[in-house]
Structures are given as structure tokens and as C-alpha cells.
Amino acid sequence: MPSRDGPAVVEVDDLVKRYPRTDTNAVDGLSFTVAPGEIFGLFGPNGAGKSTTVGILTTRLRATGGRAVVCGVDVGRDPAAARAHLAVVPQHNNLDRALTPRQNLVYHATYHGVRRREAHARAAELLDRFGLTERADRRIEAYSGGMAQRLMIARALTHEPAVLFLDEPTNALDPQTRLLIWGQLRQLRERGVAIVLTTHAMNEAARVVDRVGIVDHGRLLTLDTPTALVRGLAGDALLDLTVTPAGGDDPDALCAALGELPGVRKAERVATPTVPAGGRPGGGAAGLAGVGAGGAGMLAALAAGGGRPGAGRLAALAGAGLLGRGGGAAGNGGRGRLRIRLHLAGDPATLLGPAVTVLTARSAAVNAVDVGEPSLEDVFIELTGRQPR
């Protein structure tokens, strides 16, 4: 459990929520804590229960069972007191269009008991911090989506909450606005503000969040730092092989054979990307099956354990144009091709040769090789599956 600077400011203990006329719980025994100055990511598929959990913590919904506490206040017993300690930034724009941006901030601050003079001072400081001073007295309708998002975050901070809840804070925003928002969240963390965010941009958020809780069907599947989750569940590296199996060979059996190699934690079949007419997939690897004598010789050397060891061997493949990132099948549009992803517990260079040996022994043609690092999204897929919700 976190222990940054004092007791947890968010406590969720065996939380349950069941909506009327439903047979299952939307939240089913969820438990976690958030410390002061911690950015906590609550991630899950659509319908996993994360929005319901945040709704309970922010007093918008009442729990069926369990306990939810914000800054020592039970949100079910005293929602008004809990609201004094928290702020919410929703995904969709809910700014008051009858007020100017400055008036939105001042009104929100005074609503929470801030004296008017102090409210004006805080509004001016926040408008400057979020780069909105020059547009502070224009109509809300003139604001872009990114400007509106910045203003909503500024509004949430006018009463200096101890806990900030954000739903998809960077959705559909330009890169500059995303950088500004993530930078502001880091500054809030340094000031001791606890932040709970939900987002589907997990790889982007992984660079900011301190811990991640992944939920599905209302239950907590895992909770740890992004680095620990990736290393523990997705492996140290990913090796994607696009191959054409020999006639009559069972694709599942081929995948299983690669999964039995030492150093392979898991082998799975993934979708083979479509190749545009007349070219390779974007930024991808060249096909290995028809690269000529140089490519064939290098593959033979790999299968025999020759060539340079470790990263040097991968560098040799890259230099020959045989290794890429994010690529896939080339040539005949992927007909009959199979893409197999190997989750590795070590250097992919040491596994490439043995993998080619297995494929060669089964008379499978290698079409493309892609090497990459696992991400938080890979962990998410591993735990919640590939089927859309």
C-alpha cells in the first residue's frame, strides 16, 4: 500500500454496486487506496465498473455495499463533506456557457466557500497557469476542445481539492495540450494532490501514473506500478513472427511449438496486418521469404547459431533491411499467413535463431520479423482479452 506523506486520502473497501433490475454487480468487492501526492490509474474495458466506482467516490452514486472514503469522510454517510475535499473533471464539456471562462472559475470557487476576492485571485492564477489569460473574458463558444479541457481542469482546482478525479483527460487533444495537461498533473502530484484518472490511452498515461489498478466485471484484476505490471505479465520483450505455414501444418501446433522454446513465456496468434497495394505496411519489416541470397544466408546463419550474438545480431538484420518495427506480412497481401507473438523473458536476439530453427524444421516460410517492447496495453489485453466490449 502507498505511504507517500500520510494516510490514504482515498479508501475503497469491498465496494459493491448493483443497479436495479440487474442480475450482476457493476462493482463487485473492489478494494484499493490512493495516497497523497499519488497519480492512480483506474483502467478497464467499457462496462468494467470503473465509471461506477468513480461515481460512488464523487458522491454521484450510492454504493450497495462496502465502504468508500475520501479524506477520512465516508462518502455515503456525509456526501457534502466529502465533496469539499474533491473535484471532478468529466470527459465531456460541462462548462456554463452563460458565463465567461473567468466567471466560471470565480463562480465555482465561491460555490465552495472561497471568498470573492480570493476567488478572483485564484482564477487569475489558474488562467495564467493553463495559458488562458488572453481568452479569459471571451465566450465559451469560442474555445477549442483543448482550451475547454484546460479550463475544466482549472475550474476543478479553484477550491484547492485534496483529490482530483479525471475521466479521459487527454482524449482527442492535440500533442501540445496533452503535454501541458500531463505536466500540470505532475505539478499537482508534487504539491500533494492525489489524482485518480480513468483513460483508454494507457501507454500515454503509463509515463505519468504511479500505480495502476486494472478492473473488469467490477473486480480488481491487478494493482502495481506500470513497470512491474509490464515486466511481470507481458515479459521483457516481444518478438512478432509473420510466417506462411507449410501446407497441412496446423497453425495452432506451430504456435505451440514456438511457445515451448526456452525463454518464451507465452506464444499467441494475433491479427495479421493488411498490406497496402504496392508497398510494405507502414514502417514495417521486409519480407524474409523472398529477399534473395543475402537474406537466405543470414537466416541460415541464425538457424545454425551463427552471426553476431545478442543485440549485434539484430543490428545485422536491421542493416540488411530484414528487421522492422510495427510491420507485418509483405508480398501477396498476407494470404495464408500467420502472425505469432512471442512474449520473451530475455533478449529477443537470443530467441530469433531458435525460432527460425523451429520454423525451418516445419517448412514454414518467414515473411517478417518485428521486435518491440511490451507495454501497459499488452498487460491490459493479457488480463481482459481481445474481444471488444
# chains A, B, ... in the order shown; residues from 1 in each chain; ligands from 1
$ closest_atom_pairs --of "stretch 67-114 of chain A" --to "stretch 150-172 of chain A" --cutoff "10 Å" --atoms "only C-alpha atoms" --output "JSON lines"
{"residue": "A:Val70", "atom": "CA", "partner": "A:Val163", "partner_atom": "CA", "distance": 7.9}
{"residue": "A:Cys71", "atom": "CA", "partner": "A:Ala162", "partner_atom": "CA", "distance": 7.6}
{"residue": "A:Arg83", "atom": "CA", "partner": "A:Pro161", "partner_atom": "CA", "distance": 8.9}
{"residue": "A:Ala84", "atom": "CA", "partner": "A:Pro161", "partner_atom": "CA", "distance": 7.2}
{"residue": "A:His85", "atom": "CA", "partner": "A:Pro161", "partner_atom": "CA", "distance": 5.0}
{"residue": "A:Leu86", "atom": "CA", "partner": "A:Val163", "partner_atom": "CA", "distance": 4.7}
{"residue": "A:Ala87", "atom": "CA", "partner": "A:Leu164", "partner_atom": "CA", "distance": 5.0}
{"residue": "A:Val88", "atom": "CA", "partner": "A:Phe165", "partner_atom": "CA", "distance": 4.8}
{"residue": "A:Val89", "atom": "CA", "partner": "A:Leu166", "partner_atom": "CA", "distance": 4.8}
{"residue": "A:Pro90", "atom": "CA", "partner": "A:Asp167", "partner_atom": "CA", "distance": 5.2}
{"residue": "A:Gln91", "atom": "CA", "partner": "A:Asp167", "partner_atom": "CA", "distance": 5.0}
{"residue": "A:His92", "atom": "CA", "partner": "A:Asp167", "partner_atom": "CA", "distance": 8.7}
{"residue": "A:Asn93", "atom": "CA", "partner": "A:Met152", "partner_atom": "CA", "distance": 7.7}
{"residue": "A:Asn94", "atom": "CA", "partner": "A:Met152", "partner_atom": "CA", "distance": 8.1}
{"residue": "A:Leu95", "atom": "CA", "partner": "A:Met152", "partner_atom": "CA", "distance": 7.0}
{"residue": "A:Pro101", "atom": "CA", "partner": "A:Leu151", "partner_atom": "CA", "distance": 7.1}
{"residue": "A:Arg102", "atom": "CA", "partner": "A:Leu151", "partner_atom": "CA", "distance": 9.2}
{"residue": "A:Gln103", "atom": "CA", "partner": "A:Arg155", "partner_atom": "CA", "distance": 9.9}
{"residue": "A:Asn104", "atom": "CA", "partner": "A:Arg155", "partner_atom": "CA", "distance": 7.0}
{"residue": "A:Leu105", "atom": "CA", "partner": "A:Arg155", "partner_atom": "CA", "distance": 5.0}
{"residue": "A:Val106", "atom": "CA", "partner": "A:Thr158", "partner_atom": "CA", "distance": 7.8}
{"residue": "A:Tyr107", "atom": "CA", "partner": "A:Arg155", "partner_atom": "CA", "distance": 9.2}
{"residue": "A:His108", "atom": "CA", "partner": "A:Arg155", "partner_atom": "CA", "distance": 6.6}
{"residue": "A:Ala109", "atom": "CA", "partner": "A:Thr158", "partner_atom": "CA", "distance": 5.2}
{"residue": "A:Thr110", "atom": "CA", "partner": "A:His159", "partner_atom": "CA", "distance": 8.3}
{"residue": "A:Tyr111", "atom": "CA", "partner": "A:His159", "partner_atom": "CA", "distance": 8.9}
{"residue": "A:His112", "atom": "CA", "partner": "A:His159", "partner_atom": "CA", "distance": 6.3}
{"residue": "A:Gly113", "atom": "CA", "partner": "A:His159", "partner_atom": "CA", "distance": 8.0}
{"residue": "A:Val114", "atom": "CA", "partner": "A:His159", "partner_atom": "CA", "distance": 6.8}
$ residues_around --residues "A:Arg67" --least-positions-apart "4" --cutoff "10 Å" --atoms "only C-alpha atoms" --output "PyMOL selection string"
chain A and resi 11-16+29-31+56-57+63+74-77
$ closest_residue --among "A:Ala98, A:Val27, A:Val369, A:Ala271" --to "A:Gly65" --atoms "only C-alpha atoms"
A:Val27
$ closest_residue --among "A:Val34, A:Ala124, A:Leu342, A:Ala365" --to "A:Pro262" --atoms "only C-alpha atoms"
A:Leu342
$ closest_residue --among "A:Val54, A:Ile340, A:Val212, A:Ala368" --to "A:Val230" --atoms "only C-alpha atoms"
A:Val212
$ atom_distance --atom1 "atom CA of A:Ile195" --atom2 "atom CA of A:Leu229"
19.8 Å
$ atom_distance --atom1 "atom CA of A:Val215" --atom2 "atom CA of A:Gly44"
5.0 Å
$ atom_distance --atom1 "atom CA of A:Asp174" --atom2 "atom CA of A:Leu376"
21.9 Å
$ select_by_dssp --residues "stretch 28-218 of chain A" --states "alpha helix (DSSP H)" --output "short mmCIF file (atom, residue, chain, number, x, y, z; two decimals) with N, CA and C atoms, in the first residue's frame"
data_model
loop_
_atom_site.label_atom_id
_atom_site.label_comp_id
_atom_site.auth_asym_id
_atom_site.auth_seq_id
_atom_site.Cartn_x
_atom_site.Cartn_y
_atom_site.Cartn_z
N LYS A 50 -15.38 0.87 -13.70
CA LYS A 50 -14.54 1.98 -13.24
C LYS A 50 -15.32 3.29 -13.12
N SER A 51 -16.21 3.57 -14.08
CA SER A 51 -17.00 4.81 -14.00
C SER A 51 -17.97 4.76 -12.83
N THR A 52 -18.52 3.60 -12.57
CA THR A 52 -19.40 3.44 -11.41
C THR A 52 -18.63 3.67 -10.11
N THR A 53 -17.41 3.14 -10.05
CA THR A 53 -16.58 3.34 -8.86
C THR A 53 -16.29 4.81 -8.63
N VAL A 54 -15.90 5.50 -9.68
CA VAL A 54 -15.63 6.94 -9.56
C VAL A 54 -16.92 7.68 -9.21
N GLY A 55 -18.05 7.25 -9.77
CA GLY A 55 -19.32 7.88 -9.44
C GLY A 55 -19.66 7.77 -7.96
N ILE A 56 -19.33 6.64 -7.36
CA ILE A 56 -19.56 6.47 -5.92
C ILE A 56 -18.62 7.35 -5.12
N LEU A 57 -17.34 7.37 -5.50
CA LEU A 57 -16.35 8.16 -4.76
C LEU A 57 -16.64 9.66 -4.84
N PRO A 79 -21.99 12.97 2.11
CA PRO A 79 -21.52 13.35 0.78
C PRO A 79 -21.13 14.82 0.66
N ALA A 80 -21.82 15.71 1.36
CA ALA A 80 -21.49 17.12 1.27
C ALA A 80 -20.09 17.40 1.80
N ALA A 81 -19.73 16.78 2.93
CA ALA A 81 -18.40 16.96 3.49
C ALA A 81 -17.34 16.36 2.56
N ALA A 82 -17.66 15.23 1.93
CA ALA A 82 -16.71 14.61 1.01
C ALA A 82 -16.45 15.51 -0.19
N ARG A 83 -17.50 16.13 -0.71
CA ARG A 83 -17.35 16.97 -1.90
C ARG A 83 -16.44 18.17 -1.65
N PRO A 101 -15.08 32.36 -19.28
CA PRO A 101 -14.16 31.46 -18.58
C PRO A 101 -13.78 31.95 -17.19
N ARG A 102 -13.48 33.24 -17.05
CA ARG A 102 -13.12 33.76 -15.73
C ARG A 102 -14.29 33.62 -14.76
N GLN A 103 -15.47 33.92 -15.22
CA GLN A 103 -16.65 33.82 -14.36
C GLN A 103 -16.91 32.37 -13.96
N ASN A 104 -16.64 31.42 -14.85
CA ASN A 104 -16.78 30.01 -14.50
C ASN A 104 -15.91 29.66 -13.30
N LEU A 105 -14.67 30.14 -13.31
CA LEU A 105 -13.74 29.83 -12.22
C LEU A 105 -14.17 30.51 -10.92
N VAL A 106 -14.52 31.78 -11.01
CA VAL A 106 -14.91 32.52 -9.81
C VAL A 106 -16.17 31.92 -9.19
N TYR A 107 -17.15 31.61 -10.02
CA TYR A 107 -18.40 31.04 -9.51
C TYR A 107 -18.13 29.71 -8.81
N HIS A 108 -17.31 28.86 -9.42
CA HIS A 108 -17.02 27.55 -8.83
C HIS A 108 -16.33 27.71 -7.48
N ALA A 109 -15.39 28.64 -7.40
CA ALA A 109 -14.67 28.86 -6.14
C ALA A 109 -15.60 29.35 -5.04
N THR A 110 -16.44 30.34 -5.36
CA THR A 110 -17.35 30.88 -4.34
C THR A 110 -18.39 29.85 -3.92
N TYR A 111 -18.80 28.98 -4.85
CA TYR A 111 -19.73 27.91 -4.50
C TYR A 111 -19.15 27.02 -3.42
N ARG A 116 -14.83 36.02 -2.26
CA ARG A 116 -14.83 36.52 -3.63
C ARG A 116 -13.47 37.08 -4.04
N ARG A 117 -12.83 37.85 -3.18
CA ARG A 117 -11.54 38.42 -3.56
C ARG A 117 -10.52 37.32 -3.80
N GLU A 118 -10.50 36.33 -2.93
CA GLU A 118 -9.59 35.21 -3.10
C GLU A 118 -9.96 34.40 -4.34
N ALA A 119 -11.26 34.28 -4.61
CA ALA A 119 -11.71 33.55 -5.79
C ALA A 119 -11.20 34.21 -7.07
N HIS A 120 -11.24 35.53 -7.12
CA HIS A 120 -10.73 36.24 -8.29
C HIS A 120 -9.22 36.04 -8.43
N ALA A 121 -8.51 36.05 -7.31
CA ALA A 121 -7.06 35.86 -7.35
C ALA A 121 -6.71 34.45 -7.83
N ARG A 122 -7.43 33.46 -7.33
CA ARG A 122 -7.17 32.08 -7.76
C ARG A 122 -7.51 31.90 -9.24
N ALA A 123 -8.60 32.52 -9.68
CA ALA A 123 -8.98 32.41 -11.08
C ALA A 123 -7.90 32.98 -11.98
N ALA A 124 -7.35 34.14 -11.60
CA ALA A 124 -6.30 34.77 -12.41
C ALA A 124 -5.05 33.88 -12.46
N GLU A 125 -4.70 33.28 -11.32
CA GLU A 125 -3.51 32.44 -11.28
C GLU A 125 -3.70 31.19 -12.12
N LEU A 126 -4.87 30.57 -12.07
CA LEU A 126 -5.12 29.35 -12.82
C LEU A 126 -5.24 29.63 -14.31
N LEU A 127 -5.85 30.75 -14.67
CA LEU A 127 -5.92 31.11 -16.09
C LEU A 127 -4.53 31.29 -16.67
N ASP A 128 -3.64 31.88 -15.89
CA ASP A 128 -2.27 32.05 -16.35
C ASP A 128 -1.55 30.70 -16.43
N ARG A 129 -1.75 29.85 -15.44
CA ARG A 129 -1.07 28.56 -15.40
C ARG A 129 -1.45 27.69 -16.59
N GLY A 145 -11.66 22.47 -28.25
CA GLY A 145 -11.79 21.37 -27.30
C GLY A 145 -10.67 21.34 -26.29
N GLY A 146 -9.44 21.60 -26.75
CA GLY A 146 -8.31 21.61 -25.83
C GLY A 146 -8.38 22.74 -24.82
N MET A 147 -8.82 23.91 -25.26
CA MET A 147 -8.95 25.04 -24.33
C MET A 147 -10.04 24.76 -23.31
N ALA A 148 -11.15 24.15 -23.75
CA ALA A 148 -12.22 23.83 -22.81
C ALA A 148 -11.74 22.82 -21.77
N GLN A 149 -10.94 21.83 -22.20
CA GLN A 149 -10.41 20.84 -21.26
C GLN A 149 -9.50 21.50 -20.23
N ARG A 150 -8.65 22.40 -20.69
CA ARG A 150 -7.78 23.12 -19.76
C ARG A 150 -8.60 23.92 -18.76
N LEU A 151 -9.65 24.55 -19.25
CA LEU A 151 -10.49 25.37 -18.37
C LEU A 151 -11.22 24.50 -17.36
N MET A 152 -11.66 23.31 -17.76
CA MET A 152 -12.35 22.43 -16.81
C MET A 152 -11.41 21.97 -15.70
N ILE A 153 -10.15 21.69 -16.06
CA ILE A 153 -9.19 21.31 -15.03
C ILE A 153 -8.92 22.50 -14.11
N ALA A 154 -8.76 23.69 -14.69
CA ALA A 154 -8.54 24.89 -13.87
C ALA A 154 -9.72 25.11 -12.93
N ARG A 155 -10.93 24.97 -13.45
CA ARG A 155 -12.12 25.14 -12.61
C ARG A 155 -12.11 24.16 -11.43
N ALA A 156 -11.72 22.91 -11.69
CA ALA A 156 -11.71 21.91 -10.63
C ALA A 156 -10.73 22.26 -9.52
N PRO A 175 -1.16 17.28 -29.44
CA PRO A 175 0.00 16.92 -28.63
C PRO A 175 0.44 18.01 -27.66
N GLN A 176 0.37 19.28 -28.06
CA GLN A 176 0.79 20.35 -27.16
C GLN A 176 -0.09 20.41 -25.92
N THR A 177 -1.41 20.28 -26.12
CA THR A 177 -2.33 20.32 -24.98
C THR A 177 -2.13 19.11 -24.08
N ARG A 178 -1.89 17.95 -24.68
CA ARG A 178 -1.65 16.76 -23.87
C ARG A 178 -0.41 16.94 -22.99
N LEU A 179 0.65 17.47 -23.57
CA LEU A 179 1.87 17.70 -22.79
C LEU A 179 1.62 18.67 -21.65
N LEU A 180 0.86 19.74 -21.93
CA LEU A 180 0.58 20.73 -20.88
C LEU A 180 -0.21 20.08 -19.74
N ILE A 181 -1.22 19.29 -20.09
CA ILE A 181 -2.06 18.68 -19.05
C ILE A 181 -1.27 17.69 -18.22
N TRP A 182 -0.48 16.83 -18.88
CA TRP A 182 0.32 15.87 -18.09
C TRP A 182 1.32 16.60 -17.21
N GLY A 183 1.89 17.70 -17.72
CA GLY A 183 2.81 18.49 -16.91
C GLY A 183 2.14 19.08 -15.69
N GLN A 184 0.92 19.58 -15.87
CA GLN A 184 0.18 20.14 -14.74
C GLN A 184 -0.17 19.06 -13.71
N LEU A 185 -0.49 17.87 -14.18
CA LEU A 185 -0.79 16.79 -13.24
C LEU A 185 0.44 16.41 -12.43
N ARG A 186 1.60 16.41 -13.06
CA ARG A 186 2.84 16.13 -12.32
C ARG A 186 3.07 17.20 -11.25
N GLN A 187 2.82 18.46 -11.57
CA GLN A 187 2.99 19.53 -10.59
C GLN A 187 2.02 19.37 -9.42
N LEU A 188 0.79 18.98 -9.72
CA LEU A 188 -0.18 18.75 -8.65
C LEU A 188 0.28 17.62 -7.74
N ARG A 189 0.85 16.58 -8.34
CA ARG A 189 1.37 15.48 -7.53
C ARG A 189 2.44 15.98 -6.57
N GLU A 190 3.34 16.84 -7.07
CA GLU A 190 4.39 17.39 -6.21
C GLU A 190 3.82 18.22 -5.07
N MET A 202 -3.68 4.17 -22.31
CA MET A 202 -2.90 3.60 -21.22
C MET A 202 -1.40 3.79 -21.39
N ASN A 203 -0.90 3.62 -22.60
CA ASN A 203 0.54 3.75 -22.80
C ASN A 203 1.00 5.18 -22.57
N GLU A 204 0.16 6.14 -22.91
CA GLU A 204 0.48 7.54 -22.64
C GLU A 204 0.45 7.81 -21.14
N ALA A 205 -0.59 7.31 -20.48
CA ALA A 205 -0.72 7.53 -19.04
C ALA A 205 0.34 6.79 -18.24
#
$ closest_residue --among "A:Leu383, A:Val358, A:Ala349, A:Ile214" --to "A:Leu233" --atoms "only C-alpha atoms"
A:Leu383
$ select_by_dssp --residues "stretch 13-150 of chain A" --states "strand (DSSP E)" --output "count of residues only"
30
$ residues_around --residues "stretch 253-260 of chain A" --least-positions-apart "3" --cutoff "7 Å" --atoms "only C-alpha atoms" --output "PyMOL selection string"
chain A and resi 250+264+266-268+340+355+358
$ write_last_selection --atoms "N, CA and C atoms" --output "mmCIF file, in the first residue's frame"
data_model
loop_
_atom_site.group_PDB
_atom_site.id
_atom_site.type_symbol
_atom_site.label_atom_id
_atom_site.label_comp_id
_atom_site.auth_asym_id
_atom_site.auth_seq_id
_atom_site.Cartn_x
_atom_site.Cartn_y
_atom_site.Cartn_z
ATOM 1 N N ASP A 250 -0.691 -27.473 -38.885
ATOM 2 C CA ASP A 250 -1.710 -26.854 -38.039
ATOM 3 C C ASP A 250 -1.154 -25.565 -37.441
ATOM 4 N N VAL A 264 10.726 -18.319 -23.837
ATOM 5 C CA VAL A 264 9.431 -17.827 -24.302
ATOM 6 C C VAL A 264 8.402 -18.032 -23.192
ATOM 7 N N LYS A 266 5.204 -16.900 -23.386
ATOM 8 C CA LYS A 266 3.880 -17.144 -23.951
ATOM 9 C C LYS A 266 3.952 -16.943 -25.452
ATOM 10 N N ALA A 267 3.214 -17.753 -26.196
ATOM 11 C CA ALA A 267 3.074 -17.583 -27.640
ATOM 12 C C ALA A 267 1.587 -17.467 -27.952
ATOM 13 N N GLU A 268 1.237 -16.504 -28.789
ATOM 14 C CA GLU A 268 -0.169 -16.307 -29.134
ATOM 15 C C GLU A 268 -0.292 -15.874 -30.588
ATOM 16 N N ILE A 340 2.502 -14.627 -35.225
ATOM 17 C CA ILE A 340 2.653 -15.210 -33.894
ATOM 18 C C ILE A 340 3.469 -14.248 -33.041
ATOM 19 N N ALA A 355 13.955 -19.727 -32.911
ATOM 20 C CA ALA A 355 12.627 -19.644 -33.522
ATOM 21 C C ALA A 355 12.690 -19.983 -35.003
ATOM 22 N N VAL A 358 12.963 -23.725 -35.505
ATOM 23 C CA VAL A 358 11.668 -24.410 -35.403
ATOM 24 C C VAL A 358 10.879 -24.240 -36.692
#
